[in-house]
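Novice: Before I ask anything, let me first share the structure, which is written out below as structure tokens.
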Amino acid sequence: MKKITFLLLFCLAFHSMNAQNTCATAQVIPGPGLYVVTTVDGTQAATPVCTENGAITNNPRAEWYTYTPAQNYTLTISTNISQNTPRIDTRFHVYTGVCGALVCHAGDDDSGENYSSEDSFPVLANTTYYIAFDNRWTTNGFTFQVTESAYQEPIGQPVTFTNQTISTIDSQYNIAVVDMNGDFLDDIVGVSTTNIKVHRQNSVVPGFTIFNYPTETANNMPSWSLAAGDYNKDGFNDLMYGGGNGVTFMKSTANGTGYVKENFTQYVFCQRTNFVDLNNDGNLDAFSCHDVQPNVYFLNNGSGQFTFYQSNVTSGAMLLGIHPNGGNYGSIWIDYDNDGDQDLFIAKCRGGSGTAKINELHRNNGNGTFTDVSSIAGMADPVQTWSSAWADFDNDGDMDALVGASSTADGSHKYMRNNGNGTFTDITAGSGWDTNTSTNIEHIAHDFDNDGFVDVMGGGNKIMYNKGDGTFGPSSVGFGVGAVGDLNNDGFLDVLNGSTIRMNNGNSNKWIKFYLQGIQSNRNGIGARIEIYGAWGKQIRDARSGDGFEYMSSLNVHFGIGQATAIDQVIIRWPSGIVDTIVNPDPNQAILVVEGSTLSVGGNDFTSFSIYPNPAKDIVNIKSGNNFDVVSAEIFDLNGRKVLESAVVNESFSVQSLSTGTYILLAKDSEGTLSTHKLIKQ
């Protein structure tokens, strides 16, 4: 739909009137234009908080407006405008309801340039909306702009959420949902300067039990992002604090009942932090996007000790970010080319002009080096973004991307389809992302309604639900992005915002989730590719630590399968090259997969494939019973190590190079159907 903007063409309406200081006496906004706030000195706080940054000031104040549209619009409120030069750090909240019983509808903290605010959201005719600018960051005056645009029709509510506020979730940073005691149930993790506070999910009785773990004073707090992973391989997750001056690690000790601080003195203006096995040696390394210098990483020596490296600076360092004036902002590790190793995408926002703002895609070459393929892959784009959401949105077997706009200064959202050949195509037009004017610094990909298609949560206090036909539609949920996990173990994903859990009420759709325990790979299985097959075809997920921009979400791997009643096969491809296969697992359960434990489980053979001769000496013939061509074969030894990969030509391939012994054959036909067979080499 063509965007209709109601701003005057030759002059903007300026309204130099103070908003009143309480909700009850809020100043009326008559329509689009520019509005001047002289100072934020109201006596009533903007509560509840409707942005991702859930904290309020010790002396909360706010300035209040009301707005009642005559017809349905998409409304944009922004302080990211030239009238504020330089930009000023602001925060606002938008409510429905009545004073004293307000309900969050929208809001923003840092989506604009220099932490200014900008958000777009749907508004309905004759509904009154309360808008409150608070003094979280400043009491100084500023100007904000109101724009009315064409209304974007929501798609309804595939799932609803119930708010559960827990007053004891009161740490300085409540931004992580991840298992901390080794039972794989998602816990709530809060971090303060000298304490880690865990609301441990109970395994039987619903709810949480609180555990406080005193720590040494953290030199750096996770003011920008937090990552979790078991880098010392003791079965308990460790934490990485990404601060404005550097990185602090909190490493688990004493069976997860304590933490020891590991601090690095090097200056790092951290942005997104991640745990990832950079050199595929089975040990988790750590990575941080650097805002103003080349990116940094910490290489694990196998004993849980890190060595600091800075790309293009430290001798022998990997090249992870090509611009010397900053690697910002949102790093995410995905296997975009399906070669079994982790590639790096960086959502770029600041760091200079020109090429310094171009998003970066770095291909992992599998030999300790990376190649910048941004341009040849079609992912070099100057859209102003802090984060990107990656998933197989079209369920065709490779990772697509939603590069989420944090501002409209350099373009809008980009929905990029993976072509399966190392390149991407921009398919934003007509996808629903072209008309989604809500911007945000956080964009995350999860299947919130368990229909088997991955959704995206970003700006506008809404979820963009994946319709499964290449398009997305918005549904308002009344809260913003937070840490995601299953906080009541019901198979539906919940969201943590500040001290409030947004508990997913679910629906009749079915699900399955996986707990990974690496043996030769890293303990969390970060970097593993999980594939599930059924009536829907194929779905894939990559296990990862750190997505979006700030929050740490569950390390468990979750799938929705809609109304399907059966799962034909599950394949877990570990970073080590080991492949585990599970046949016909029941839906609506969590499965613990230990690396290498399901290689030769009875019943894994699919009779739709036939192989001969077996035992084989030189050539193996293989045929699909479904009249599809068999296209590839992978051979694994009984320790799970891949020893041969071959194309299948004229229904045959050679095993002459194999030593005598027993192997597992994994074959795939042209429809993507997989089959495992025991193969004996003479």
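Labels for the structure tokens follow display order: chains A, B, ..., residues from 1 in each chain, ligands from 1.
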Which residues come within 9 Å of segment 310-316 of chain A, counting only C-alpha atoms, excluding same-chain residues fewer than 2 positions away, as number ranges by chain?

Specialist: A: 293-298, 308, 318-322, 324

Novice: Take the residues that were just selected and, keeping N, CA and C atoms, output them as a PDB file, in the first residue's frame.

Specialist:
ATOM      1  N   GLN A 293      36.692   0.467  17.320  1.00  0.00           N
ATOM      2  CA  GLN A 293      37.944  -0.124  16.852  1.00  0.00           C
ATOM      3  C   GLN A 293      37.638  -1.480  16.226  1.00  0.00           C
ATOM      4  N   PRO A 294      38.637  -2.143  15.623  1.00  0.00           N
ATOM      5  CA  PRO A 294      38.391  -3.476  15.063  1.00  0.00           C
ATOM      6  C   PRO A 294      37.886  -4.455  16.120  1.00  0.00           C
ATOM      7  N   ASN A 295      37.103  -5.425  15.677  1.00  0.00           N
ATOM      8  CA  ASN A 295      36.471  -6.384  16.580  1.00  0.00           C
ATOM      9  C   ASN A 295      37.507  -7.215  17.326  1.00  0.00           C
ATOM     10  N   VAL A 296      37.070  -7.773  18.467  1.00  0.00           N
ATOM     11  CA  VAL A 296      37.966  -8.559  19.307  1.00  0.00           C
ATOM     12  C   VAL A 296      37.375  -9.936  19.560  1.00  0.00           C
ATOM     13  N   TYR A 297      38.250 -10.887  19.899  1.00  0.00           N
ATOM     14  CA  TYR A 297      37.798 -12.197  20.323  1.00  0.00           C
ATOM     15  C   TYR A 297      38.783 -12.761  21.329  1.00  0.00           C
ATOM     16  N   PHE A 298      38.341 -13.799  22.024  1.00  0.00           N
ATOM     17  CA  PHE A 298      39.102 -14.410  23.092  1.00  0.00           C
ATOM     18  C   PHE A 298      39.177 -15.905  22.787  1.00  0.00           C
ATOM     19  N   PHE A 308      43.507 -12.837  24.446  1.00  0.00           N
ATOM     20  CA  PHE A 308      42.864 -11.725  23.750  1.00  0.00           C
ATOM     21  C   PHE A 308      43.476 -11.529  22.365  1.00  0.00           C
ATOM     22  N   MET A 318      42.565 -13.456  13.456  1.00  0.00           N
ATOM     23  CA  MET A 318      41.634 -13.639  12.352  1.00  0.00           C
ATOM     24  C   MET A 318      41.056 -12.286  11.937  1.00  0.00           C
ATOM     25  N   LEU A 319      40.743 -12.146  10.671  1.00  0.00           N
ATOM     26  CA  LEU A 319      40.138 -10.919  10.168  1.00  0.00           C
ATOM     27  C   LEU A 319      38.630 -11.028  10.323  1.00  0.00           C
ATOM     28  N   LEU A 320      38.101 -10.371  11.365  1.00  0.00           N
ATOM     29  CA  LEU A 320      36.674 -10.464  11.692  1.00  0.00           C
ATOM     30  C   LEU A 320      36.088  -9.059  11.759  1.00  0.00           C
ATOM     31  N   GLY A 321      35.920  -8.451  10.616  1.00  0.00           N
ATOM     32  CA  GLY A 321      35.458  -7.074  10.545  1.00  0.00           C
ATOM     33  C   GLY A 321      36.489  -6.264   9.803  1.00  0.00           C
ATOM     34  N   ILE A 322      36.108  -5.593   8.736  1.00  0.00           N
ATOM     35  CA  ILE A 322      37.091  -5.036   7.820  1.00  0.00           C
ATOM     36  C   ILE A 322      37.359  -3.556   8.045  1.00  0.00           C
ATOM     37  N   PRO A 324      38.569  -0.354  10.209  1.00  0.00           N
ATOM     38  CA  PRO A 324      39.373  -0.042  11.388  1.00  0.00           C
ATOM     39  C   PRO A 324      38.698   0.924  12.349  1.00  0.00           C
TER      40      PRO A 324
END

Novice: Which residues are near Gln305 of chain A? Cut-off 12 Å, only C-alpha atoms, ignore same chain within fewer than 3 positions. Put them as a list in words.

Specialist: Tyr231, Asn232, Lys233, Phe249, Met250, Lys251, Lys261, Glu262, Asn263, Phe264, Asn283, Leu284, Asp285, Ala286, Phe298, Leu299, Asn300, Asn301, Gly302 and Phe308 of chain A

Novice: Among segment 39-223 of chain A, which residues carry a DSSP assignment of strand (DSSP E or B), reported as a ChimeraX atom specification?

Specialist: /A:62-67,73-78,92-98,101-108,118-123,129-134,142-149,161-165,173-177,188-192,195-201,208-214

Novice: So, with only C-alpha atoms as the atoms that count, which of A:Gln271, A:Asn338, A:Thr66, A:Asn419 lies closest to Ile530 of chain A?

Specialist: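 For Ile530 of chain A, the nearest of the given residues is A:Asn338.
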
Novice: Just the number, please: distance in Å from atom CA of Gly404 of chain A to atom CA of Tyr465 of chain A, one decimal.

Specialist: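 These two atoms are separated by 14.8 Å.
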
Novice: How many Å separate atom CA of Tyr551 of chain A from atom CA of Ile591 of chain A?

Specialist: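 Value for the atom CA of Tyr551 of chain A-atom CA of Ile591 of chain A distance: 25.0 Å.
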